[in-house]
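Dumped data_31.pdb below, it's PDB, C-alpha atoms:
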```pdb
MODEL        1
ATOM      1  CA  MET T  19       4.779  13.480  10.963
ATOM      2  CA  GLN T  20       7.962  12.038  12.404
ATOM      3  CA  VAL T  21       8.974   8.602  11.168
ATOM      4  CA  HIS T  22      10.935   6.407  13.571
ATOM      5  CA  TYR T  23      12.799   3.299  12.446
ATOM      6  CA  ASN T  24      14.847   2.665  15.591
ATOM      7  CA  ILE T  25      12.730   1.787  18.589
ATOM      8  CA  GLU T  26      15.715   2.366  20.893
ATOM      9  CA  GLN T  27      15.828   6.027  19.863
ATOM     10  CA  LEU T  28      12.214   7.052  20.315
ATOM     11  CA  PRO T  29      11.572  10.460  21.857
ATOM     12  CA  PRO T  30       9.523  10.764  25.034
ATOM     13  CA  PHE T  31       5.899  10.977  23.940
ATOM     14  CA  LYS T  32       3.461  13.370  25.558
ATOM     15  CA  ASN T  33       0.158  11.646  26.369
ATOM     16  CA  ALA T  34       0.647   9.154  23.555
ATOM     17  CA  VAL T  35      -2.519   7.877  21.894
ATOM     18  CA  ILE T  36      -1.440   4.795  19.983
ATOM     19  CA  THR T  37      -2.874   2.235  17.632
ATOM     20  CA  ILE T  38      -1.197  -0.791  16.076
ATOM     21  CA  GLY T  39      -1.735  -2.312  12.649
ATOM     22  CA  THR T  40      -0.466  -2.906   9.140
ATOM     23  CA  PHE T  41      -2.631  -0.190   7.547
ATOM     24  CA  ASP T  42      -2.044  -1.689   4.114
ATOM     25  CA  GLY T  43      -3.695   0.529   1.525
ATOM     26  CA  VAL T  44      -4.251   3.433   3.947
ATOM     27  CA  HIS T  45      -7.763   3.408   2.483
ATOM     28  CA  ARG T  46     -11.043   5.041   3.423
ATOM     29  CA  GLY T  47     -11.791   2.476   6.107
ATOM     30  CA  HIS T  48      -8.480   3.192   7.811
ATOM     31  CA  ALA T  49      -9.210   6.916   7.652
ATOM     32  CA  THR T  50     -11.974   6.538  10.245
ATOM     33  CA  ILE T  51      -9.571   5.000  12.768
ATOM     34  CA  ILE T  52      -6.833   7.514  12.011
ATOM     35  CA  ASP T  53      -9.260  10.427  12.363
ATOM     36  CA  ALA T  54     -10.361   9.069  15.757
ATOM     37  CA  LEU T  55      -6.718   8.669  16.801
ATOM     38  CA  VAL T  56      -5.882  12.244  15.853
ATOM     39  CA  ALA T  57      -9.047  13.614  17.471
ATOM     40  CA  GLU T  58      -8.428  11.799  20.769
ATOM     41  CA  ALA T  59      -4.815  12.999  20.868
ATOM     42  CA  SER T  60      -5.974  16.551  20.247
ATOM     43  CA  ARG T  61      -8.640  16.266  22.952
ATOM     44  CA  ILE T  62      -6.107  15.345  25.628
ATOM     45  CA  GLN T  63      -3.365  17.571  24.175
ATOM     46  CA  GLY T  64      -1.283  14.536  23.391
ATOM     47  CA  GLU T  65       0.468  12.967  20.411
ATOM     48  CA  SER T  66      -1.007  10.489  17.936
ATOM     49  CA  VAL T  67       1.167   7.447  17.240
ATOM     50  CA  ILE T  68       0.723   4.651  14.708
ATOM     51  CA  VAL T  69       2.800   1.541  15.335
ATOM     52  CA  THR T  70       3.365  -0.708  12.349
ATOM     53  CA  PHE T  71       5.746  -3.460  11.338
ATOM     54  CA  HIS T  72       8.175  -4.139   8.534
ATOM     55  CA  PRO T  73       8.374  -6.552   6.921
ATOM     56  CA  HIS T  74       4.752  -7.646   7.097
ATOM     57  CA  PRO T  75       4.456 -10.228   9.931
ATOM     58  CA  ARG T  76       3.166 -12.890   7.519
ATOM     59  CA  LYS T  77       6.470 -12.727   5.646
ATOM     60  CA  ILE T  78       8.235 -13.982   8.775
ATOM     61  CA  ILE T  79       5.570 -16.263  10.220
ATOM     62  CA  GLN T  80       4.446 -17.689   6.849
ATOM     63  CA  PRO T  81       7.471 -17.097   4.613
ATOM     64  CA  HIS T  82       6.063 -19.031   1.648
ATOM     65  CA  THR T  83       2.854 -16.983   1.531
ATOM     66  CA  SER T  84       2.412 -14.416  -1.248
ATOM     67  CA  LEU T  85       1.592 -11.048   0.277
ATOM     68  CA  HIS T  86       0.051  -8.980  -2.561
ATOM     69  CA  LEU T  87       0.402  -5.762  -0.555
ATOM     70  CA  ILE T  88      -1.476  -2.698  -1.755
ATOM     71  CA  ASN T  89       1.350  -0.422  -0.549
ATOM     72  CA  THR T  90       5.074  -0.741  -0.183
ATOM     73  CA  LEU T  91       6.517   0.639   3.038
ATOM     74  CA  ASP T  92       7.592   3.892   1.362
ATOM     75  CA  GLU T  93       4.142   4.323  -0.165
ATOM     76  CA  LYS T  94       2.490   3.728   3.201
ATOM     77  CA  ILE T  95       4.703   6.359   4.809
ATOM     78  CA  GLU T  96       3.859   8.813   2.035
ATOM     79  CA  LEU T  97       0.117   8.261   2.458
ATOM     80  CA  LEU T  98       0.222   8.458   6.263
ATOM     81  CA  GLN T  99       2.120  11.745   5.982
ATOM     82  CA  GLN T 100      -1.138  13.238   4.727
ATOM     83  CA  THR T 101      -3.318  12.110   7.652
ATOM     84  CA  GLY T 102      -2.226  14.479  10.410
ATOM     85  CA  ILE T 103      -0.740  11.905  12.795
ATOM     86  CA  THR T 104       2.231  12.991  14.897
ATOM     87  CA  HIS T 105       4.425   9.878  14.811
ATOM     88  CA  LEU T 106       4.810   6.714  12.782
ATOM     89  CA  VAL T 107       6.905   4.007  14.425
ATOM     90  CA  ILE T 108       8.125   1.175  12.198
ATOM     91  CA  ILE T 109       9.177  -1.859  14.206
ATOM     92  CA  PRO T 110      11.333  -4.505  12.502
ATOM     93  CA  PHE T 111       9.382  -7.746  12.613
ATOM     94  CA  THR T 112      11.862 -10.559  13.168
ATOM     95  CA  ASP T 113      11.836 -14.165  14.340
ATOM     96  CA  VAL T 114      12.954 -12.929  17.774
ATOM     97  CA  PHE T 115      10.164 -10.360  17.933
ATOM     98  CA  ALA T 116       7.633 -13.027  16.935
ATOM     99  CA  GLU T 117       8.622 -14.987  20.076
ATOM    100  CA  LEU T 118       7.495 -12.205  22.463
ATOM    101  CA  THR T 119       4.741 -13.452  24.745
ATOM    102  CA  ALA T 120       1.553 -11.428  24.846
ATOM    103  CA  GLU T 121       2.390 -10.119  28.336
ATOM    104  CA  ASP T 122       5.891  -9.105  27.237
ATOM    105  CA  TYR T 123       4.413  -7.446  24.143
ATOM    106  CA  ILE T 124       2.379  -5.192  26.404
ATOM    107  CA  GLU T 125       5.020  -4.568  29.078
ATOM    108  CA  ARG T 126       8.269  -4.556  27.078
ATOM    109  CA  LEU T 127       6.934  -2.944  23.916
ATOM    110  CA  LEU T 128       3.813  -0.858  24.422
ATOM    111  CA  VAL T 129       4.374   0.298  27.996
ATOM    112  CA  TYR T 130       8.167   0.542  28.037
ATOM    113  CA  TYR T 131       8.624   2.425  24.775
ATOM    114  CA  PHE T 132       5.378   4.403  24.471
ATOM    115  CA  GLN T 133       4.006   4.831  28.008
ATOM    116  CA  PRO T 134       0.607   5.229  26.367
ATOM    117  CA  HIS T 135      -2.104   7.431  27.737
ATOM    118  CA  THR T 136      -4.579   5.652  25.453
ATOM    119  CA  ILE T 137      -4.484   2.515  23.313
ATOM    120  CA  ILE T 138      -7.000   2.266  20.468
ATOM    121  CA  ILE T 139      -7.422  -1.311  19.301
ATOM    122  CA  GLY T 140      -9.933  -3.654  17.723
ATOM    123  CA  TYR T 141     -11.826  -6.401  19.538
ATOM    124  CA  ASP T 142     -10.241  -9.041  17.286
ATOM    125  CA  HIS T 143      -6.647  -7.746  17.371
ATOM    126  CA  HIS T 144      -4.248 -10.513  18.410
ATOM    127  CA  PHE T 145      -0.604 -10.175  19.324
ATOM    128  CA  GLY T 146       2.319 -11.951  20.925
ATOM    129  CA  LYS T 147       3.595 -15.491  20.428
ATOM    130  CA  GLY T 148       0.847 -17.757  19.181
ATOM    131  CA  ARG T 149      -1.361 -14.648  18.813
ATOM    132  CA  LEU T 150      -2.556 -15.251  22.385
ATOM    133  CA  GLY T 151      -2.800 -11.565  23.273
ATOM    134  CA  ASN T 152      -6.087  -9.754  22.733
ATOM    135  CA  ILE T 153      -8.214  -6.894  23.985
ATOM    136  CA  THR T 154      -9.271  -8.938  27.039
ATOM    137  CA  LEU T 155      -5.651  -9.163  28.204
ATOM    138  CA  LEU T 156      -5.197  -5.431  27.624
ATOM    139  CA  GLN T 157      -8.283  -4.810  29.745
ATOM    140  CA  GLN T 158      -6.949  -7.051  32.527
ATOM    141  CA  LEU T 159      -3.631  -5.158  32.657
ATOM    142  CA  GLN T 160      -5.166  -1.714  32.246
ATOM    143  CA  SER T 161      -5.046  -0.725  35.915
ATOM    144  CA  ARG T 162      -1.520  -2.103  36.376
ATOM    145  CA  TRP T 163      -0.061  -0.004  33.577
ATOM    146  CA  ASN T 164      -2.443   2.934  33.848
ATOM    147  CA  TYR T 165      -3.560   3.349  30.253
ATOM    148  CA  LYS T 166      -6.987   4.023  28.810
ATOM    149  CA  LEU T 167      -8.377   1.511  26.320
ATOM    150  CA  ILE T 168     -10.669   2.394  23.419
ATOM    151  CA  GLU T 169     -12.149  -0.448  21.389
ATOM    152  CA  ILE T 170     -12.617  -0.030  17.651
ATOM    153  CA  PRO T 171     -16.198  -1.098  16.889
ATOM    154  CA  LYS T 172     -16.754  -4.484  15.269
ATOM    155  CA  HIS T 173     -18.685  -3.041  12.317
ATOM    156  CA  LEU T 174     -15.818  -0.694  11.478
ATOM    157  CA  LEU T 175     -13.221  -3.482  11.603
ATOM    158  CA  GLU T 176     -15.390  -5.640   9.364
ATOM    159  CA  GLU T 177     -15.771  -2.727   6.966
ATOM    160  CA  ILE T 178     -11.982  -2.308   6.825
ATOM    161  CA  SER T 179     -11.436  -6.019   6.271
ATOM    162  CA  VAL T 180     -14.044  -6.155   3.519
ATOM    163  CA  SER T 181     -12.631  -3.021   1.890
ATOM    164  CA  SER T 182      -9.083  -4.414   1.857
ATOM    165  CA  THR T 183     -10.299  -7.680   0.325
ATOM    166  CA  GLN T 184     -12.422  -5.852  -2.240
ATOM    167  CA  ILE T 185      -9.523  -3.592  -3.173
ATOM    168  CA  ARG T 186      -7.194  -6.538  -3.768
ATOM    169  CA  MET T 187      -9.828  -8.377  -5.784
ATOM    170  CA  ALA T 188     -10.598  -5.278  -7.842
ATOM    171  CA  LEU T 189      -6.930  -4.605  -8.569
ATOM    172  CA  GLY T 190      -6.270  -8.232  -9.492
ATOM    173  CA  SER T 191      -9.174  -8.227 -11.945
ATOM    174  CA  GLY T 192      -8.402  -4.804 -13.399
ATOM    175  CA  ASN T 193     -11.473  -3.119 -11.907
ATOM    176  CA  ILE T 194      -9.607   0.091 -11.211
ATOM    177  CA  SER T 195     -12.713   2.254 -10.745
ATOM    178  CA  VAL T 196     -13.857   0.177  -7.747
ATOM    179  CA  ALA T 197     -10.343  -0.012  -6.312
ATOM    180  CA  ASN T 198      -9.787   3.735  -6.555
ATOM    181  CA  LYS T 199     -13.166   4.489  -4.986
ATOM    182  CA  LEU T 200     -12.417   2.272  -1.994
ATOM    183  CA  LEU T 201      -8.860   3.557  -1.661
ATOM    184  CA  GLY T 202      -9.872   7.197  -1.785
ATOM    185  CA  TYR T 203      -7.013   7.879  -4.191
ATOM    186  CA  SER T 204      -5.712   6.508  -7.476
ATOM    187  CA  PHE T 205      -3.790   3.243  -7.177
ATOM    188  CA  PHE T 206      -0.135   3.636  -8.074
ATOM    189  CA  PHE T 207       2.985   1.553  -8.393
ATOM    190  CA  GLU T 208       6.623   2.102  -9.256
ATOM    191  CA  GLY T 209       8.623   0.229 -11.846
ATOM    192  CA  LYS T 210      12.164   0.187 -13.144
ATOM    193  CA  VAL T 211      12.536   0.752 -16.884
ATOM    194  CA  VAL T 212      14.275  -2.163 -18.571
ATOM    195  CA  THR T 213      15.193  -2.982 -22.155
ATOM    196  CA  GLY T 214      12.366  -4.398 -24.277
ATOM    197  CA  ASP T 215      12.150  -5.588 -27.866
ATOM    198  CA  GLN T 216      11.164  -2.091 -29.093
ATOM    199  CA  ILE T 217       8.204  -3.313 -31.139
ATOM    200  CA  GLY T 218       6.142  -0.426 -29.807
ATOM    201  CA  ARG T 219       8.612   1.999 -31.365
ATOM    202  CA  THR T 220       8.105   0.434 -34.811
ATOM    203  CA  LEU T 221       4.336   0.904 -34.394
ATOM    204  CA  GLY T 222       4.755   4.576 -33.549
ATOM    205  CA  PHE T 223       4.069   4.051 -29.838
ATOM    206  CA  PRO T 224       7.383   3.615 -28.003
ATOM    207  CA  THR T 225       6.910   2.046 -24.591
ATOM    208  CA  ALA T 226       8.866   1.879 -21.379
ATOM    209  CA  ASN T 227       9.033  -1.750 -20.234
ATOM    210  CA  LEU T 228       8.720  -1.989 -16.463
ATOM    211  CA  ILE T 229       9.520  -4.446 -13.725
ATOM    212  CA  TYR T 230       7.929  -3.885 -10.327
ATOM    213  CA  THR T 231      10.340  -2.451  -7.783
ATOM    214  CA  ASP T 232       8.851  -4.483  -4.910
ATOM    215  CA  SER T 233       8.047  -8.178  -5.295
ATOM    216  CA  ASP T 234       5.457  -8.010  -2.483
ATOM    217  CA  LYS T 235       3.396  -5.323  -4.253
ATOM    218  CA  ILE T 236       0.103  -6.488  -5.713
ATOM    219  CA  HIS T 237       0.057  -6.729  -9.509
ATOM    220  CA  LEU T 238      -2.675  -5.020 -11.475
ATOM    221  CA  GLY T 239      -4.804  -7.305 -13.645
ATOM    222  CA  GLU T 240      -4.301  -7.651 -17.384
ATOM    223  CA  GLY T 241      -5.673  -4.932 -19.618
ATOM    224  CA  VAL T 242      -5.065  -1.492 -21.080
ATOM    225  CA  TYR T 243      -5.362   1.518 -18.786
ATOM    226  CA  ALA T 244      -5.260   5.307 -18.870
ATOM    227  CA  VAL T 245      -2.515   6.487 -16.528
ATOM    228  CA  PHE T 246      -0.436   9.389 -15.369
ATOM    229  CA  VAL T 247       3.316   8.840 -15.262
ATOM    230  CA  LEU T 248       5.283  10.818 -12.686
ATOM    231  CA  MET T 249       9.005  11.455 -13.029
ATOM    232  CA  ASN T 250      11.275  14.363 -12.175
ATOM    233  CA  GLU T 251       8.334  16.026 -10.413
ATOM    234  CA  GLN T 252       6.524  16.200 -13.747
ATOM    235  CA  GLN T 253       3.318  14.438 -14.743
ATOM    236  CA  HIS T 254       2.610  12.999 -18.180
ATOM    237  CA  GLY T 255      -0.489  11.295 -19.494
ATOM    238  CA  GLY T 256      -0.055   7.824 -20.890
ATOM    239  CA  MET T 257      -1.510   4.383 -21.449
ATOM    240  CA  LEU T 258      -0.455   1.225 -19.704
ATOM    241  CA  SER T 259      -0.614  -2.291 -21.122
ATOM    242  CA  ILE T 260      -0.385  -5.327 -18.866
ATOM    243  CA  GLY T 261      -0.537  -8.794 -20.340
ATOM    244  CA  LYS T 262       1.022 -11.352 -22.651
ATOM    245  CA  ARG T 263       0.571  -9.332 -25.871
ATOM    246  CA  PRO T 264      -1.621 -11.938 -27.617
ATOM    247  CA  THR T 265      -1.064 -10.454 -31.087
ATOM    248  CA  LEU T 266       2.662 -11.120 -30.685
ATOM    249  CA  ASN T 267       2.112 -14.552 -29.071
ATOM    250  CA  ASP T 268       4.134 -13.722 -25.964
ATOM    251  CA  ILE T 269       4.153 -16.260 -23.172
ATOM    252  CA  GLU T 270       5.273 -13.923 -20.381
ATOM    253  CA  GLU T 271       3.388 -11.001 -18.892
ATOM    254  CA  ARG T 272       4.666  -7.582 -19.932
ATOM    255  CA  VAL T 273       4.133  -4.270 -18.182
ATOM    256  CA  GLU T 274       4.551  -1.466 -20.719
ATOM    257  CA  VAL T 275       3.660   2.203 -20.628
ATOM    258  CA  ASN T 276       3.453   4.617 -23.544
ATOM    259  CA  ILE T 277       4.090   8.136 -22.251
ATOM    260  CA  PHE T 278       2.399  10.938 -24.178
ATOM    261  CA  ASP T 279       4.456  13.959 -25.233
ATOM    262  CA  PHE T 280       7.739  12.570 -23.975
ATOM    263  CA  GLU T 281      11.022  11.757 -25.634
ATOM    264  CA  GLY T 282      14.123  10.609 -23.825
ATOM    265  CA  ASP T 283      16.104   7.711 -22.474
ATOM    266  CA  LEU T 284      14.501   6.164 -19.387
ATOM    267  CA  TYR T 285      16.500   2.936 -19.138
ATOM    268  CA  GLY T 286      17.404   2.117 -15.570
ATOM    269  CA  ARG T 287      15.180   4.799 -14.098
ATOM    270  CA  ILE T 288      12.331   4.238 -11.670
ATOM    271  CA  ILE T 289       9.033   5.845 -12.614
ATOM    272  CA  ARG T 290       5.669   6.019 -10.862
ATOM    273  CA  VAL T 291       2.488   5.020 -12.658
ATOM    274  CA  ARG T 292      -0.844   6.286 -11.307
ATOM    275  CA  VAL T 293      -3.710   4.274 -12.739
ATOM    276  CA  GLU T 294      -6.864   6.251 -13.527
ATOM    277  CA  ALA T 295      -9.157   4.221 -15.804
ATOM    278  CA  PHE T 296      -9.587   0.825 -17.459
ATOM    279  CA  LEU T 297      -9.803   1.050 -21.246
ATOM    280  CA  ARG T 298     -10.141  -2.515 -22.550
ATOM    281  CA  VAL T 299      -9.128  -6.143 -22.145
ATOM    282  CA  GLN T 300      -6.138  -7.628 -23.955
ATOM    283  CA  GLU T 301      -7.152  -8.875 -27.405
ATOM    284  CA  LYS T 302      -5.518 -10.730 -30.281
ATOM    285  CA  TYR T 303      -5.494  -8.932 -33.631
ATOM    286  CA  ASP T 304      -4.905 -10.452 -37.055
ATOM    287  CA  SER T 305      -2.082  -8.072 -37.942
ATOM    288  CA  LEU T 306       0.181  -5.365 -36.563
ATOM    289  CA  GLU T 307      -1.779  -2.874 -38.672
ATOM    290  CA  GLU T 308      -4.988  -3.750 -36.814
ATOM    291  CA  LEU T 309      -3.147  -3.537 -33.520
ATOM    292  CA  THR T 310      -1.817  -0.087 -34.443
ATOM    293  CA  GLN T 311      -5.324   1.112 -35.303
ATOM    294  CA  GLN T 312      -6.573  -0.085 -31.922
ATOM    295  CA  ILE T 313      -3.696   1.591 -30.083
ATOM    296  CA  ASN T 314      -4.614   4.872 -31.777
ATOM    297  CA  ILE T 315      -8.163   4.444 -30.470
ATOM    298  CA  ASP T 316      -6.779   3.581 -27.021
ATOM    299  CA  LYS T 317      -4.756   6.780 -26.981
ATOM    300  CA  GLN T 318      -7.752   8.952 -27.782
ATOM    301  CA  GLN T 319      -9.832   7.203 -25.120
ATOM    302  CA  ALA T 320      -7.014   7.584 -22.609
ATOM    303  CA  ILE T 321      -6.732  11.310 -23.297
ATOM    304  CA  LEU T 322     -10.482  11.718 -22.828
ATOM    305  CA  SER T 323     -10.399   9.752 -19.559
ATOM    306  CA  LEU T 324      -7.463  11.716 -18.158
ATOM    307  CA  ASN T 325      -9.028  15.048 -19.050
ATOM    308  CA  SER T 326     -12.495  14.240 -17.697
TER
ENDMDL
END
```

Take the structure in the file and give it back as structure tokens.
Amino acid sequence: MQVHYNIEQLPPFKNAVITIGTFDGVHRGHATIIDALVAEASRIQGESVIVTFHPHPRKIIQPHTSLHLINTLDEKIELLQQTGITHLVIIPFTDVFAELTAEDYIERLLVYYFQPHTIIIGYDHHFGKGRLGNITLLQQLQSRWNYKLIEIPKHLLEEISVSSTQIRMALGSGNISVANKLLGYSFFFEGKVVTGDQIGRTLGFPTANLIYTDSDKIHLGEGVYAVFVLMNEQQHGGMLSIGKRPTLNDIEERVEVNIFDFEGDLYGRIIRVRVEAFLRVQEKYDSLEELTQQINIDKQQAILSLNS
């Protein structure tokens, strides 16, 4: 897959079959559309092209809205790399771009830069200033610009919308088993290791304190989880704690990961956490000794989950 960031430097596409969308999550619902895109391109001996935007259009149009994205841009690229598409085009979404009329969107963007053989799009896809463009307008201009139009069925679009909503709700509530099933892969995030108060070390479970590397990334709900930690192309089992540490009476949420069978200085490094299973909710214990006993139980449960 070729990734293109500069729309002015796109190569000439051969029989481009294109679709446009955010594809946040790159989940199982999206896979059906992507498979159809790749299959159609193969059928006509063309190239499959996904057109997406960065930042997310809502960040420009509704700048005070929280996004809670399932994927960062880099994560989306990584996941789309595995789908078999030929090209991914990332268009900067700006205030100027948002002012394009629907007709200009078709003529000056889709036709001019992609010269599409086929456009695959949903019945409820809207584009252009005021979101006035839709599949009806694309149908009206089809003969003028000589492209084929394939409509994504309503039931599939509704399935994708429901899946995305369910995934966000599941992640926000800590229901990682549902989220991972809908995603088709284990949810992951990246965090930068920062200095903590090192209480975990005194309990025999040193933790890496993390801050999310992307403020638009959805935050996993409070709880204790079994995870894999990836760094330096190596994978380690571990357990992740997200919450306000009720036993210690914290008032701010902490994201901490205890990495099994690892010793070393991680401060300032960025690590990836892949979340595999929910272990328990955050609880308040009467003493640090009770907390330590529970963490020992958590570790054994995490090991069993990661090895199952």

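Distances to Thr37 in chain T were evaluated for T:Met19, T:Leu155, T:Leu167, T:Ile62 using only C-alpha atoms, and the minimum falls at T:Leu167.
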
Next item on the list: I need the residue set behind the PyMOL selection byres ((chain T and resi 316-321) around 10) for this file; please write it as a ChimeraX atom specification.
Entry: /T:223,242-246,255-258,276,278,294-298,310-315,322-326

Just C-alpha atoms for this one: save the residues we selected as an mmCIF file, in the coordinates of the input.
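Output file out_35.cif follows:
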```
data_model
loop_
_atom_site.group_PDB
_atom_site.id
_atom_site.type_symbol
_atom_site.label_atom_id
_atom_site.label_comp_id
_atom_site.auth_asym_id
_atom_site.auth_seq_id
_atom_site.Cartn_x
_atom_site.Cartn_y
_atom_site.Cartn_z
ATOM 1 C CA PHE T 223 4.069 4.051 -29.838
ATOM 2 C CA VAL T 242 -5.065 -1.492 -21.080
ATOM 3 C CA TYR T 243 -5.362 1.518 -18.786
ATOM 4 C CA ALA T 244 -5.260 5.307 -18.870
ATOM 5 C CA VAL T 245 -2.515 6.487 -16.528
ATOM 6 C CA PHE T 246 -0.436 9.389 -15.369
ATOM 7 C CA GLY T 255 -0.489 11.295 -19.494
ATOM 8 C CA GLY T 256 -0.055 7.824 -20.890
ATOM 9 C CA MET T 257 -1.510 4.383 -21.449
ATOM 10 C CA LEU T 258 -0.455 1.225 -19.704
ATOM 11 C CA ASN T 276 3.453 4.617 -23.544
ATOM 12 C CA PHE T 278 2.399 10.938 -24.178
ATOM 13 C CA GLU T 294 -6.864 6.251 -13.527
ATOM 14 C CA ALA T 295 -9.157 4.221 -15.804
ATOM 15 C CA PHE T 296 -9.587 0.825 -17.459
ATOM 16 C CA LEU T 297 -9.803 1.050 -21.246
ATOM 17 C CA ARG T 298 -10.141 -2.515 -22.550
ATOM 18 C CA THR T 310 -1.817 -0.087 -34.443
ATOM 19 C CA GLN T 311 -5.324 1.112 -35.303
ATOM 20 C CA GLN T 312 -6.573 -0.085 -31.922
ATOM 21 C CA ILE T 313 -3.696 1.591 -30.083
ATOM 22 C CA ASN T 314 -4.614 4.872 -31.777
ATOM 23 C CA ILE T 315 -8.163 4.444 -30.470
ATOM 24 C CA LEU T 322 -10.482 11.718 -22.828
ATOM 25 C CA SER T 323 -10.399 9.752 -19.559
ATOM 26 C CA LEU T 324 -7.463 11.716 -18.158
ATOM 27 C CA ASN T 325 -9.028 15.048 -19.050
ATOM 28 C CA SER T 326 -12.495 14.240 -17.697
#
```

Kindly assemble as CSV a list of the range 34-79 of chain T residues that lie within 10 Å of range 173-196 of chain T, each paired with its nearest atom pair and their distance in Å to one decimal, using only C-alpha atoms, sorted first by chain and then by ascending residue number.
```
residue,atom,partner,partner_atom,distance
T:Phe41,CA,T:Ser182,CA,9.6
T:Asp42,CA,T:Ser182,CA,7.9
T:Gly43,CA,T:Ser182,CA,7.3
T:Val44,CA,T:Ser182,CA,9.4
T:His45,CA,T:Ser182,CA,8.0
T:Arg46,CA,T:Ile178,CA,8.2
T:Gly47,CA,T:Ile178,CA,4.8
T:His48,CA,T:Ile178,CA,6.6
T:Ala49,CA,T:Ile178,CA,9.7
T:Thr50,CA,T:Leu174,CA,8.3
T:Ile51,CA,T:Leu174,CA,8.6
```

For this structure, which residues satisfy the selection - the PyMOL selection byres ((chain T and resi 55) around 9) - when it is evaluated on the file as given? I want them as a PDB file with C-alpha atoms, in the coordinates of the input.
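Saved result, result_17.pdb, follows:
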```pdb
ATOM      1  CA  VAL T  35      -2.519   7.877  21.894  1.00  0.00           C
ATOM      2  CA  ILE T  36      -1.440   4.795  19.983  1.00  0.00           C
ATOM      3  CA  THR T  37      -2.874   2.235  17.632  1.00  0.00           C
ATOM      4  CA  THR T  50     -11.974   6.538  10.245  1.00  0.00           C
ATOM      5  CA  ILE T  51      -9.571   5.000  12.768  1.00  0.00           C
ATOM      6  CA  ILE T  52      -6.833   7.514  12.011  1.00  0.00           C
ATOM      7  CA  ASP T  53      -9.260  10.427  12.363  1.00  0.00           C
ATOM      8  CA  ALA T  54     -10.361   9.069  15.757  1.00  0.00           C
ATOM      9  CA  VAL T  56      -5.882  12.244  15.853  1.00  0.00           C
ATOM     10  CA  ALA T  57      -9.047  13.614  17.471  1.00  0.00           C
ATOM     11  CA  GLU T  58      -8.428  11.799  20.769  1.00  0.00           C
ATOM     12  CA  ALA T  59      -4.815  12.999  20.868  1.00  0.00           C
ATOM     13  CA  SER T  60      -5.974  16.551  20.247  1.00  0.00           C
ATOM     14  CA  SER T  66      -1.007  10.489  17.936  1.00  0.00           C
ATOM     15  CA  VAL T  67       1.167   7.447  17.240  1.00  0.00           C
ATOM     16  CA  ILE T  68       0.723   4.651  14.708  1.00  0.00           C
ATOM     17  CA  ILE T 103      -0.740  11.905  12.795  1.00  0.00           C
ATOM     18  CA  ILE T 138      -7.000   2.266  20.468  1.00  0.00           C
TER      19      ILE T 138
END
```

Item checked: Residue contacts of range 24-28 of chain T (10 Å, all atoms listed in the file) excluding same-chain residues fewer than 5 positions away, as a ChimeraX atom specification -> /T:105,107-110,127,131-132

Margin query: If the PyMOL selection byres ((chain T and resi 284) around 9) were run on this exact file, what residues would it hold? Put them as a PyMOL selection string.
Written below: chain T and resi 210-212+226+282-283+285-289

Notebook entry, point to check: With all atoms listed in the file as the atoms that count, which of T:Lys94, T:His143, T:His135, T:Arg76 lies nearest to Ala116 in chain T?
Noted result: T:Arg76

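Of note, CA of Thr112 in chain T and CA of Leu156 in chain T are spaced 22.9 Å apart.
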
Next item on the list: Show which residues sit within 10 Å of Gln157 in chain T, as a PyMOL selection string. Count only C-alpha atoms, and ignore same-chain residues fewer than 6 positions away.
Entry: chain T and resi 165-168

Padding 4 Å on every side, please: axis-aligned box over the listed atoms of range 312-324 of chain T, centre and edge lengths to one decimal in Å, as AutoDock Vina command-line options.
```
--center_x -7.1 --center_y 5.8 --center_z -25.0 --size_x 14.8 --size_y 19.8 --size_z 21.8
```

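Between CA of Arg292 in chain T and CA of Glu208 in chain T there is a distance of 8.8 Å.
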
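Checking T:Arg290, T:Lys235, T:His82, T:Lys302 one by one against Gly261 in chain T, counting all atoms listed in the file, you find the shortest gap at T:Lys302.
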
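Interatomic distance, CA of Ala197 in chain T against CA of Ile260 in chain T: 16.9 Å.
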
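Among the candidate residues T:Ile38, T:Ile95, T:Val273, T:Leu201, the one lying nearest to Tyr123 in chain T is T:Ile38, with distances computed using only C-alpha atoms.
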
Next item on the list: Name the residues, using the chain letters and numbers of the file, that sit within 8 Å of (5.7, 11.9, 22.4) when counting only C-alpha atoms, and give them as an NGL selection string.
Entry: :T and (29-34 or 64-65 or 105 or 132)

Checklist line | Nearby residues, (-9.4, -2.6, 23.1) file frame, 6 Å, all atoms listed in the file, as number ranges by chain | finding: T: 139-141, 153, 167-169
